[in-house]
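The next block holds one structure in the form of structure tokens; read it before the comments.
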Amino acid sequence: MFLKEYFKTIFGTVKSLLTGMRRTGYYFTHGKEIITQEYPNEYPVLADRFRGEVVMIHDEKNEHRCTGCSACEISCPNGTIKIISKFETGPDGKKKKAIDKFVYHLELCTFCNLCIEACPTSAIKMDQAFEHSVFDRSRLTKVLNKPGSKIMEGVE
Amino acid sequence: MWSLSSITDIVQTWLGSTFNPTIALLLQFVMAGLLVITLFAVLGLVLVFMERKVSAYMQVRIGPNRVGPRGYLQTAADTLKLLMKEGLVPAGADKFLFNLAPYVVMISAMLLMAPIAFAKDFQMWDLNIGVLYVSSVSSIAVIGILMAGWSSNNKYSLLGAMRSGAQIVSYELSAGLSIISIVILVGSLKISDIIASQQDGWWIFKGHIPAIIAFVIFLIAVTAETNRAPFDLAEAESELTAGFHTEYSGMRFALFFLAEYANIFIVCAIGATLFLGGWMPFHIGNLQAFNHIMDYIPSSIWFFGKTFFLIFVIMWFRWTFPRLRIDQLLNLEWKYLLPISMFNVLLVTIMAIMKWHF
Amino acid sequence: MTNEELKAKLTGINSALTFEEGGQWLNVNVEPKDWLPFAKELRENPELNFDYMFCLTCVDWKTHLGMVYHLNSKNLKHIIVVKSKLDRNNPEIETISHIWRTAEFHEREVYDLFGVTFLHHPDLRRLLLTDEWVGWPLRKDYEDPVNMIKL
Amino acid sequence: MFEEVATTEQGDLVINVGPQHPSTHGVLHLIITLRGETIMKIEPHLGYIHRSIEKMCEGLTYRQFVYVTSKMDYLSSHINNHGCVLCVEKGLQLEVTPRAQVIRVLMDELTRIASHCLWWGALGMDVGALTPFFHAFREREMINVIMEETCGTRLTMNYMVPGGVMADLHSNFQKRVKQFIKDFKPKLIEYDDLLTNNSIFIERMKGVGILSKDDAVSYGCTGPTARGSGVSCDIRKWYPYEIYDKLNFEEVLETEGDSYSRYMVRVREFRQSLSILEQLIDNIPEGDFQTKTKAVLKLPKGEFYSKVETARGEFGVYIVAEGATNPYRIKFRSPGFSNLSALDHIARGQKIADMIAIMGSLDFVIPDIDR
């Protein structure tokens, strides 16, 4: 039955093609299925764990919790963090190590979260900012501790 | 009532009364040419925008929505970009043919505009072999494509052009045969006769099943002839990067692009003329009131509505189906479409002789 | 087959083999010159039937290069690790790409990164690096001042 | 028969596919010898995205190197990380808590679905249908949202750490995964309508690029590529890790060995992965998500090998440790590399359009091949 097979193929083909066209036709006529997010107009809802960039937590007295132990620096696979430390004389006259600059190279960072895991005093966290584009690459190198900030009381 | 034909009449009388006949004729030619070029530009903008929106909605996205209100100016901006872009000629290319090819494709598309009836009595050239003219002139485009592919000095282009040659030549057959089945029913090749014969009903309704088969075959064949997906083997983006126009940039590329859309418009216009009654409004038997309302819609709207419906169907194909392989494409033509359409022509002939149609 | 049975079986094929145990799988040390006939036997002997090579690599031990072949039998479900020590200055070993076809690419990779010459390999060229590259990057003494990432 | 004639003759066309080509999904460079449109020979040129991850890992600690592996097969980065942490845990003889095991398996299966979604769309694009790509991305996006919420990032998560996972599941996780399972099932029927049952697609895939069972084993093909040829090679069944031996799922096998059966394996794996998710999502045991580990990990002297089943096949990690904080030598046995070696064999004698379909059905991720 050559002819029977022949027509069977034709009808089978046409049917399968029409099924596909019904699918796309459905989406064409159902505008509410559209999932596009018009980004600059509609800001995406970010998860609270979203890893945007590393920031240092400062409280209202401009104090942070970083002791300058450089655990984050060691844990970073890309050499993103450089801690430049200095020695401060405490109120009791003892010399104490403290951070001078917490340099963070955003352009090297891969947002792996290992520094945050490594930090013993929870001084740094991941922020949700993700719009990192700049015109000059040097602006991606950031100093995380705010000017004039100092370490919180009691953080060792 | 306001209509396109009255405007042409006014223009003609004014020209005839102001200038001597030769100059009047020349001026008419110039005006027709300018109108065609304008139509092309507008069609290009509209169809590209339409394609983007259709594809976007089928793909659950919005599509262009930034340039101008709701993205309407997107294609205009694209055209502007293409115009300003440098047209590169690859080293080792045959410069003359390389430059000529887009114009050949474009001109063949423009020539096809001549016999199309855009509205009631609004036609550039109602020649007595209108349908034959269309099917023969439309085959010229393949020469342009072959030229482009060969002269680019690019292997992808060559492969694309060769595919296109095989494809257009074979699909011409079944497109021609499905056109012939309507010609048999009408008994004339003249476009105006074909439209007039559909006064009491479009051929797709009164031609019974053979007309429907011919219509389906026509749609498939013209999709292939215009190199549209699922038959876009000449371009085959995922295989041959861009096929025959890989090396084209700037305005030359824009001409190919424009010609593609112009071709779609033309074949859909022919399809609308042959099967869906051209500018003829939709009538149902003896429902006088309904028919009257239909008559109030201008004939140009009817024509463009039908044409754009067919264009939408072709776009629908494109955004649903995967591409065929070259041997499967030729199989489809020679094993399925051609035998069926030949048999169909036989049926139509019997039908026409026995006067079985309405 | 248990490790003991495998050991007995393999010693029967080649008495010069030495074994290391205690790791995940049975390790077999083979002399480079014995490797090709041994490999053929491993593949073709119906009781061993190691038809699937899932890993082929090289380790630079600074004194010598160690080829490591991980072999698995799909139907008998046993795994052995075959190791072979190569001279670091002139590393050469017979190719096994005609026994396990996957070895063709893996050997090219090892040639590319370690400089091990696989004798009678059908197409021994650099695979990942450019043809003009000098040096064997995965060797321990490789220094590339331009492209090296130092942490 | 094409094995013998694989030499370039007068009149043969040699074309470069890639490194920048729409269908190589990255920077794969293939030099193809054509006679007409028939492929005589394919010669892959690799290394355009070779970063020598193995060398980099020699300089990184056992905590750090896990992260780098997500950049290899970026579509199944979770599973890559999983393979690495398994290897480290094997060396340290660490026991992972039941909760962490379940979380890892859940994440693996979500990753597998996401990866197959992308593959499905990209295959559609390769054979010329663009719409599936966007539809598949819509489903993939749902998984990405789940991932983002729990792991913090969308593609290269670094969620697995030696000893467990980095953070506990987000409180929305169960709700979202259940919603995803509910949403995804009807979408699978749509997938069938758009490609699986489409006769043009079947015509393109059936009987194309046949890889026999023996060749699949000999070329070291794994994953859906080998399972399409009837080779049973699912690591989850053969060498079960975590809790896969307690789960009820079947290893998908097709016997034809052509592109369509490779396609069918992956499409059927959608359902298997969904069933694993369904079995686990309500039975996540309570407990710690991480075993306490030392701050500095040191593997004892020895060699460790672990293998896991990624979305593309068997991913092996071979660590030679010398007792230091960083591996002495590390080798990643990537599935794509072996699968690629079979490409020349199976594409010979096919048309150039078939080659694209075959490459789509083999599902390459170029960084996975180059490493």
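Ligands are numbered from 1 in the order shown, residues from 1 within each chain, and chains are lettered A, B, ... in the order they appear in the structure tokens.
Using only C-alpha atoms, the residues found no farther than 9 Å from range 193-202 of chain B, other than those of its own chain fewer than 6 positions away, are Ala117, Ile182, Val183, Val186, Gly187, Thr273, Leu274, Phe275, Leu276, Gly277, Gly278, Trp279, Met280, Pro281, Phe282, His283, Ile284, Gly285 and Phe358 of chain B.
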Selection above as a file: C-alpha atoms, as a PDB file, in the first residue's frame:
```pdb
ATOM      1  CA  ALA B 117      -3.925  45.579  -8.619  1.00  0.00           C
ATOM      2  CA  ILE B 182      -6.592  29.183 -11.074  1.00  0.00           C
ATOM      3  CA  VAL B 183      -5.809  30.348 -14.588  1.00  0.00           C
ATOM      4  CA  VAL B 186     -10.695  31.748 -14.931  1.00  0.00           C
ATOM      5  CA  GLY B 187      -9.647  31.180 -18.496  1.00  0.00           C
ATOM      6  CA  THR B 273      -5.266  38.132  -5.963  1.00  0.00           C
ATOM      7  CA  LEU B 274      -5.524  34.578  -7.209  1.00  0.00           C
ATOM      8  CA  PHE B 275      -7.161  32.844  -4.302  1.00  0.00           C
ATOM      9  CA  LEU B 276      -8.666  35.485  -2.062  1.00  0.00           C
ATOM     10  CA  GLY B 277     -10.173  37.785  -4.660  1.00  0.00           C
ATOM     11  CA  GLY B 278      -7.685  40.657  -4.709  1.00  0.00           C
ATOM     12  CA  TRP B 279      -9.463  43.851  -3.743  1.00  0.00           C
ATOM     13  CA  MET B 280     -12.866  42.146  -3.894  1.00  0.00           C
ATOM     14  CA  PRO B 281     -14.790  42.477  -0.647  1.00  0.00           C
ATOM     15  CA  PHE B 282     -16.030  39.464   1.202  1.00  0.00           C
ATOM     16  CA  HIS B 283     -19.562  38.548   0.264  1.00  0.00           C
ATOM     17  CA  ILE B 284     -21.841  35.856   1.564  1.00  0.00           C
ATOM     18  CA  GLY B 285     -24.427  34.594  -0.926  1.00  0.00           C
ATOM     19  CA  PHE B 358     -19.930  27.840  -8.648  1.00  0.00           C
TER      20      PHE B 358
END
```
Residues of chain D within 8 Å of chain B, counting only C-alpha atoms - could you list those as a PDB file with N, CA and C atoms, in the first residue's frame?
```pdb
ATOM      1  N   LEU D  13      36.076  21.371  -0.765  1.00  0.00           N
ATOM      2  CA  LEU D  13      35.943  22.690  -0.172  1.00  0.00           C
ATOM      3  C   LEU D  13      36.336  22.567   1.296  1.00  0.00           C
ATOM      4  N   ILE D  15      36.231  24.428   4.720  1.00  0.00           N
ATOM      5  CA  ILE D  15      35.667  25.626   5.348  1.00  0.00           C
ATOM      6  C   ILE D  15      35.974  25.628   6.835  1.00  0.00           C
ATOM      7  N   HIS D  21      31.080  31.372  15.083  1.00  0.00           N
ATOM      8  CA  HIS D  21      30.060  30.860  14.178  1.00  0.00           C
ATOM      9  C   HIS D  21      28.783  30.705  14.999  1.00  0.00           C
ATOM     10  N   PRO D  22      27.637  31.001  14.416  1.00  0.00           N
ATOM     11  CA  PRO D  22      26.416  31.003  15.238  1.00  0.00           C
ATOM     12  C   PRO D  22      26.114  29.673  15.911  1.00  0.00           C
ATOM     13  N   SER D  23      26.574  28.568  15.366  1.00  0.00           N
ATOM     14  CA  SER D  23      26.103  27.309  15.936  1.00  0.00           C
ATOM     15  C   SER D  23      27.172  26.533  16.671  1.00  0.00           C
ATOM     16  N   GLU D  37      28.176  19.129  -0.502  1.00  0.00           N
ATOM     17  CA  GLU D  37      27.787  19.481   0.864  1.00  0.00           C
ATOM     18  C   GLU D  37      28.060  18.328   1.816  1.00  0.00           C
ATOM     19  N   GLY D 124      17.106  23.660  19.111  1.00  0.00           N
ATOM     20  CA  GLY D 124      16.077  24.191  18.234  1.00  0.00           C
ATOM     21  C   GLY D 124      16.638  25.282  17.344  1.00  0.00           C
ATOM     22  N   MET D 125      17.470  26.125  17.943  1.00  0.00           N
ATOM     23  CA  MET D 125      18.058  27.216  17.175  1.00  0.00           C
ATOM     24  C   MET D 125      18.993  26.668  16.101  1.00  0.00           C
ATOM     25  N   ASP D 126      19.713  25.605  16.434  1.00  0.00           N
ATOM     26  CA  ASP D 126      20.639  25.025  15.461  1.00  0.00           C
ATOM     27  C   ASP D 126      19.907  24.485  14.243  1.00  0.00           C
ATOM     28  N   VAL D 127      18.757  23.880  14.463  1.00  0.00           N
ATOM     29  CA  VAL D 127      18.041  23.352  13.310  1.00  0.00           C
ATOM     30  C   VAL D 127      17.118  24.399  12.707  1.00  0.00           C
ATOM     31  N   GLY D 128      17.186  25.619  13.186  1.00  0.00           N
ATOM     32  CA  GLY D 128      16.511  26.703  12.487  1.00  0.00           C
ATOM     33  C   GLY D 128      15.236  27.199  13.117  1.00  0.00           C
ATOM     34  N   ALA D 129      14.813  26.623  14.231  1.00  0.00           N
ATOM     35  CA  ALA D 129      13.607  27.119  14.899  1.00  0.00           C
ATOM     36  C   ALA D 129      14.042  27.985  16.062  1.00  0.00           C
ATOM     37  N   LEU D 130      13.728  29.274  15.979  1.00  0.00           N
ATOM     38  CA  LEU D 130      14.247  30.183  17.008  1.00  0.00           C
ATOM     39  C   LEU D 130      13.350  30.263  18.231  1.00  0.00           C
ATOM     40  N   THR D 131      12.068  29.984  18.025  1.00  0.00           N
ATOM     41  CA  THR D 131      11.135  30.184  19.132  1.00  0.00           C
ATOM     42  C   THR D 131      11.428  29.306  20.350  1.00  0.00           C
ATOM     43  N   PRO D 132      11.759  28.007  20.172  1.00  0.00           N
ATOM     44  CA  PRO D 132      12.029  27.186  21.354  1.00  0.00           C
ATOM     45  C   PRO D 132      13.060  27.776  22.286  1.00  0.00           C
ATOM     46  N   PHE D 134      13.594  30.788  23.268  1.00  0.00           N
ATOM     47  CA  PHE D 134      13.046  31.722  24.251  1.00  0.00           C
ATOM     48  C   PHE D 134      12.134  30.999  25.229  1.00  0.00           C
ATOM     49  N   HIS D 135      11.408  30.015  24.727  1.00  0.00           N
ATOM     50  CA  HIS D 135      10.523  29.280  25.621  1.00  0.00           C
ATOM     51  C   HIS D 135      11.332  28.512  26.656  1.00  0.00           C
ATOM     52  N   LEU D 194       6.417  21.639  20.011  1.00  0.00           N
ATOM     53  CA  LEU D 194       7.266  22.517  19.202  1.00  0.00           C
ATOM     54  C   LEU D 194       8.368  21.746  18.488  1.00  0.00           C
ATOM     55  N   ASN D 198       7.460  17.416  15.970  1.00  0.00           N
ATOM     56  CA  ASN D 198       7.432  18.146  14.712  1.00  0.00           C
ATOM     57  C   ASN D 198       8.097  17.309  13.626  1.00  0.00           C
ATOM     58  N   ILE D 200       9.265  17.948  10.680  1.00  0.00           N
ATOM     59  CA  ILE D 200      10.505  18.462  10.069  1.00  0.00           C
ATOM     60  C   ILE D 200      11.674  18.156  10.986  1.00  0.00           C
ATOM     61  N   PHE D 201      11.459  18.376  12.270  1.00  0.00           N
ATOM     62  CA  PHE D 201      12.524  18.140  13.240  1.00  0.00           C
ATOM     63  C   PHE D 201      12.910  16.657  13.262  1.00  0.00           C
ATOM     64  N   ARG D 204      14.941  15.835  10.394  1.00  0.00           N
ATOM     65  CA  ARG D 204      16.307  16.336  10.511  1.00  0.00           C
ATOM     66  C   ARG D 204      17.168  15.471  11.431  1.00  0.00           C
ATOM     67  N   ILE D 352      26.385  19.097   5.627  1.00  0.00           N
ATOM     68  CA  ILE D 352      26.872  20.112   6.568  1.00  0.00           C
ATOM     69  C   ILE D 352      25.760  20.532   7.524  1.00  0.00           C
ATOM     70  N   ALA D 353      24.517  20.528   7.038  1.00  0.00           N
ATOM     71  CA  ALA D 353      23.413  20.883   7.931  1.00  0.00           C
ATOM     72  C   ALA D 353      23.259  19.841   9.030  1.00  0.00           C
ATOM     73  N   ASP D 354      23.562  18.578   8.699  1.00  0.00           N
ATOM     74  CA  ASP D 354      23.484  17.534   9.717  1.00  0.00           C
ATOM     75  C   ASP D 354      24.533  17.736  10.794  1.00  0.00           C
ATOM     76  N   ILE D 356      25.539  20.378  12.034  1.00  0.00           N
ATOM     77  CA  ILE D 356      25.045  21.319  13.036  1.00  0.00           C
ATOM     78  C   ILE D 356      24.090  20.610  13.983  1.00  0.00           C
TER      79      ILE D 356
END
```
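Residues lying within 8 Å of Asp127 in chain A, counting only C-alpha atoms and ignoring same-chain neighbours fewer than 3 positions away, are Phe50, Arg51, Gly52, Glu53, Val54 and Val55 of chain A.
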(message) Residues within 9 Å of range 77-87 of chain A, please, as a ChimeraX atom specification. Count only C-alpha atoms; anything in the same chain fewer than 6 positions from it doesn't count.
(response) /A:68-70,95-110,112,114-115 /C:151 /D:60-61,63-65,67-68
Residues of range 74-96 of chain C within 9 Å of range 54-67 of chain C: nearest atom pair and distance (Å, one decimal) for each, counting only C-alpha atoms, sorted by chain and number, as a tab-separated table?
```
residue	atom	partner	partner_atom	distance
C:Val82	CA	C:Met67	CA	8.0
C:Lys83	CA	C:Met67	CA	5.4
C:Ser84	CA	C:Met67	CA	5.1
C:Lys85	CA	C:Gly66	CA	4.6
C:Leu86	CA	C:Leu65	CA	5.0
C:Asp87	CA	C:His64	CA	5.5
C:Arg88	CA	C:His64	CA	4.7
C:Asn89	CA	C:His64	CA	8.3
C:Pro91	CA	C:Leu65	CA	7.4
```
Let's have the selection written as a JSON list (two decimals), in the first residue's frame, with all heavy atoms.
```json
[["chain", "number", "residue", "atom", "x", "y", "z"],
["C", 82, "VAL", "N", 46.53, 2.20, 35.59],
["C", 82, "VAL", "CA", 47.83, 1.78, 35.08],
["C", 82, "VAL", "C", 48.74, 2.99, 35.08],
["C", 82, "VAL", "O", 48.34, 4.07, 34.64],
["C", 82, "VAL", "CB", 47.71, 1.19, 33.66],
["C", 82, "VAL", "CG1", 49.06, 0.73, 33.17],
["C", 82, "VAL", "CG2", 46.72, 0.06, 33.64],
["C", 83, "LYS", "N", 49.95, 2.80, 35.62],
["C", 83, "LYS", "CA", 50.89, 3.92, 35.66],
["C", 83, "LYS", "C", 52.18, 3.51, 34.99],
["C", 83, "LYS", "O", 52.55, 2.34, 35.02],
["C", 83, "LYS", "CB", 51.17, 4.31, 37.11],
["C", 83, "LYS", "CG", 49.98, 4.89, 37.79],
["C", 83, "LYS", "CD", 50.33, 5.31, 39.16],
["C", 83, "LYS", "CE", 49.13, 5.96, 39.81],
["C", 83, "LYS", "NZ", 49.41, 6.25, 41.21],
["C", 84, "SER", "N", 52.81, 4.49, 34.44],
["C", 84, "SER", "CA", 54.06, 4.20, 33.75],
["C", 84, "SER", "C", 54.98, 5.39, 33.92],
["C", 84, "SER", "O", 54.58, 6.53, 33.79],
["C", 84, "SER", "CB", 53.76, 3.97, 32.27],
["C", 84, "SER", "OG", 54.89, 3.48, 31.65],
["C", 85, "LYS", "N", 56.23, 5.09, 34.28],
["C", 85, "LYS", "CA", 57.19, 6.18, 34.52],
["C", 85, "LYS", "C", 57.96, 6.47, 33.25],
["C", 85, "LYS", "O", 58.50, 5.56, 32.62],
["C", 85, "LYS", "CB", 58.15, 5.77, 35.63],
["C", 85, "LYS", "CG", 57.52, 5.79, 36.99],
["C", 85, "LYS", "CD", 58.50, 5.42, 38.07],
["C", 85, "LYS", "CE", 57.79, 5.40, 39.42],
["C", 85, "LYS", "NZ", 58.65, 4.90, 40.48],
["C", 86, "LEU", "N", 58.03, 7.73, 32.90],
["C", 86, "LEU", "CA", 58.74, 8.12, 31.69],
["C", 86, "LEU", "C", 59.93, 8.98, 32.06],
["C", 86, "LEU", "O", 59.91, 9.71, 33.05],
["C", 86, "LEU", "CB", 57.82, 8.90, 30.75],
["C", 86, "LEU", "CG", 56.50, 8.28, 30.37],
["C", 86, "LEU", "CD1", 55.78, 9.18, 29.39],
["C", 86, "LEU", "CD2", 56.70, 6.92, 29.75],
["C", 87, "ASP", "N", 60.94, 8.89, 31.21],
["C", 87, "ASP", "CA", 62.12, 9.74, 31.39],
["C", 87, "ASP", "C", 61.71, 11.18, 31.13],
["C", 87, "ASP", "O", 61.02, 11.49, 30.16],
["C", 87, "ASP", "CB", 63.19, 9.28, 30.37],
["C", 87, "ASP", "CG", 64.41, 10.16, 30.45],
["C", 87, "ASP", "OD1", 64.56, 10.83, 31.48],
["C", 87, "ASP", "OD2", 65.20, 10.16, 29.49],
["C", 88, "ARG", "N", 62.13, 12.07, 32.01],
["C", 88, "ARG", "CA", 61.64, 13.43, 31.91],
["C", 88, "ARG", "C", 62.26, 14.17, 30.72],
["C", 88, "ARG", "O", 61.63, 15.07, 30.13],
["C", 88, "ARG", "CB", 61.98, 14.19, 33.19],
["C", 88, "ARG", "CG", 61.09, 15.38, 33.42],
["C", 88, "ARG", "CD", 61.12, 15.80, 34.87],
["C", 88, "ARG", "NE", 60.24, 16.92, 35.07],
["C", 88, "ARG", "CZ", 60.55, 18.16, 34.75],
["C", 88, "ARG", "NH1", 61.70, 18.43, 34.22],
["C", 88, "ARG", "NH2", 59.70, 19.15, 34.95],
["C", 89, "ASN", "N", 63.49, 13.81, 30.36],
["C", 89, "ASN", "CA", 64.15, 14.53, 29.28],
["C", 89, "ASN", "C", 63.69, 14.05, 27.91],
["C", 89, "ASN", "O", 63.69, 14.81, 26.95],
["C", 89, "ASN", "CB", 65.66, 14.38, 29.39],
["C", 89, "ASN", "CG", 66.16, 15.00, 30.68],
["C", 89, "ASN", "OD1", 65.69, 16.05, 31.08],
["C", 89, "ASN", "ND2", 67.07, 14.31, 31.34],
["C", 91, "PRO", "N", 60.58, 11.95, 27.12],
["C", 91, "PRO", "CA", 59.42, 11.10, 27.42],
["C", 91, "PRO", "C", 58.82, 10.50, 26.16],
["C", 91, "PRO", "O", 58.42, 11.23, 25.25],
["C", 91, "PRO", "CB", 58.45, 12.06, 28.10],
["C", 91, "PRO", "CG", 58.85, 13.40, 27.65],
["C", 91, "PRO", "CD", 60.27, 13.37, 27.23]]
```
Report the closest atom pair, with its distance in Å rounded to one decimal, for each residue of chain C that has an atom no farther than 7 Å from chain D; count only C-alpha atoms, sort by chain and then rising residue number, and write it as JSON lines.
```
{"residue": "C:Gly23", "atom": "CA", "partner": "D:Glu303", "partner_atom": "CA", "distance": 6.9}
{"residue": "C:Gln24", "atom": "CA", "partner": "D:Phe304", "partner_atom": "CA", "distance": 6.9}
{"residue": "C:Asp51", "atom": "CA", "partner": "D:Ser218", "partner_atom": "CA", "distance": 6.6}
{"residue": "C:Tyr52", "atom": "CA", "partner": "D:Val217", "partner_atom": "CA", "distance": 5.7}
{"residue": "C:Met53", "atom": "CA", "partner": "D:Gly220", "partner_atom": "CA", "distance": 6.3}
{"residue": "C:Phe54", "atom": "CA", "partner": "D:Gly220", "partner_atom": "CA", "distance": 6.2}
{"residue": "C:Cys55", "atom": "CA", "partner": "D:Arg333", "partner_atom": "CA", "distance": 6.2}
{"residue": "C:Val59", "atom": "CA", "partner": "D:Arg329", "partner_atom": "CA", "distance": 6.5}
{"residue": "C:Trp100", "atom": "CA", "partner": "D:Ser218", "partner_atom": "CA", "distance": 5.1}
{"residue": "C:Arg101", "atom": "CA", "partner": "D:Tyr219", "partner_atom": "CA", "distance": 4.9}
{"residue": "C:Thr102", "atom": "CA", "partner": "D:Tyr219", "partner_atom": "CA", "distance": 4.1}
{"residue": "C:Phe105", "atom": "CA", "partner": "D:Ser341", "partner_atom": "CA", "distance": 6.4}
{"residue": "C:Leu127", "atom": "CA", "partner": "D:Leu46", "partner_atom": "CA", "distance": 6.0}
{"residue": "C:Leu128", "atom": "CA", "partner": "D:Gly47", "partner_atom": "CA", "distance": 3.9}
{"residue": "C:Leu129", "atom": "CA", "partner": "D:Gly47", "partner_atom": "CA", "distance": 5.9}
{"residue": "C:Leu138", "atom": "CA", "partner": "D:Lys55", "partner_atom": "CA", "distance": 6.2}
```
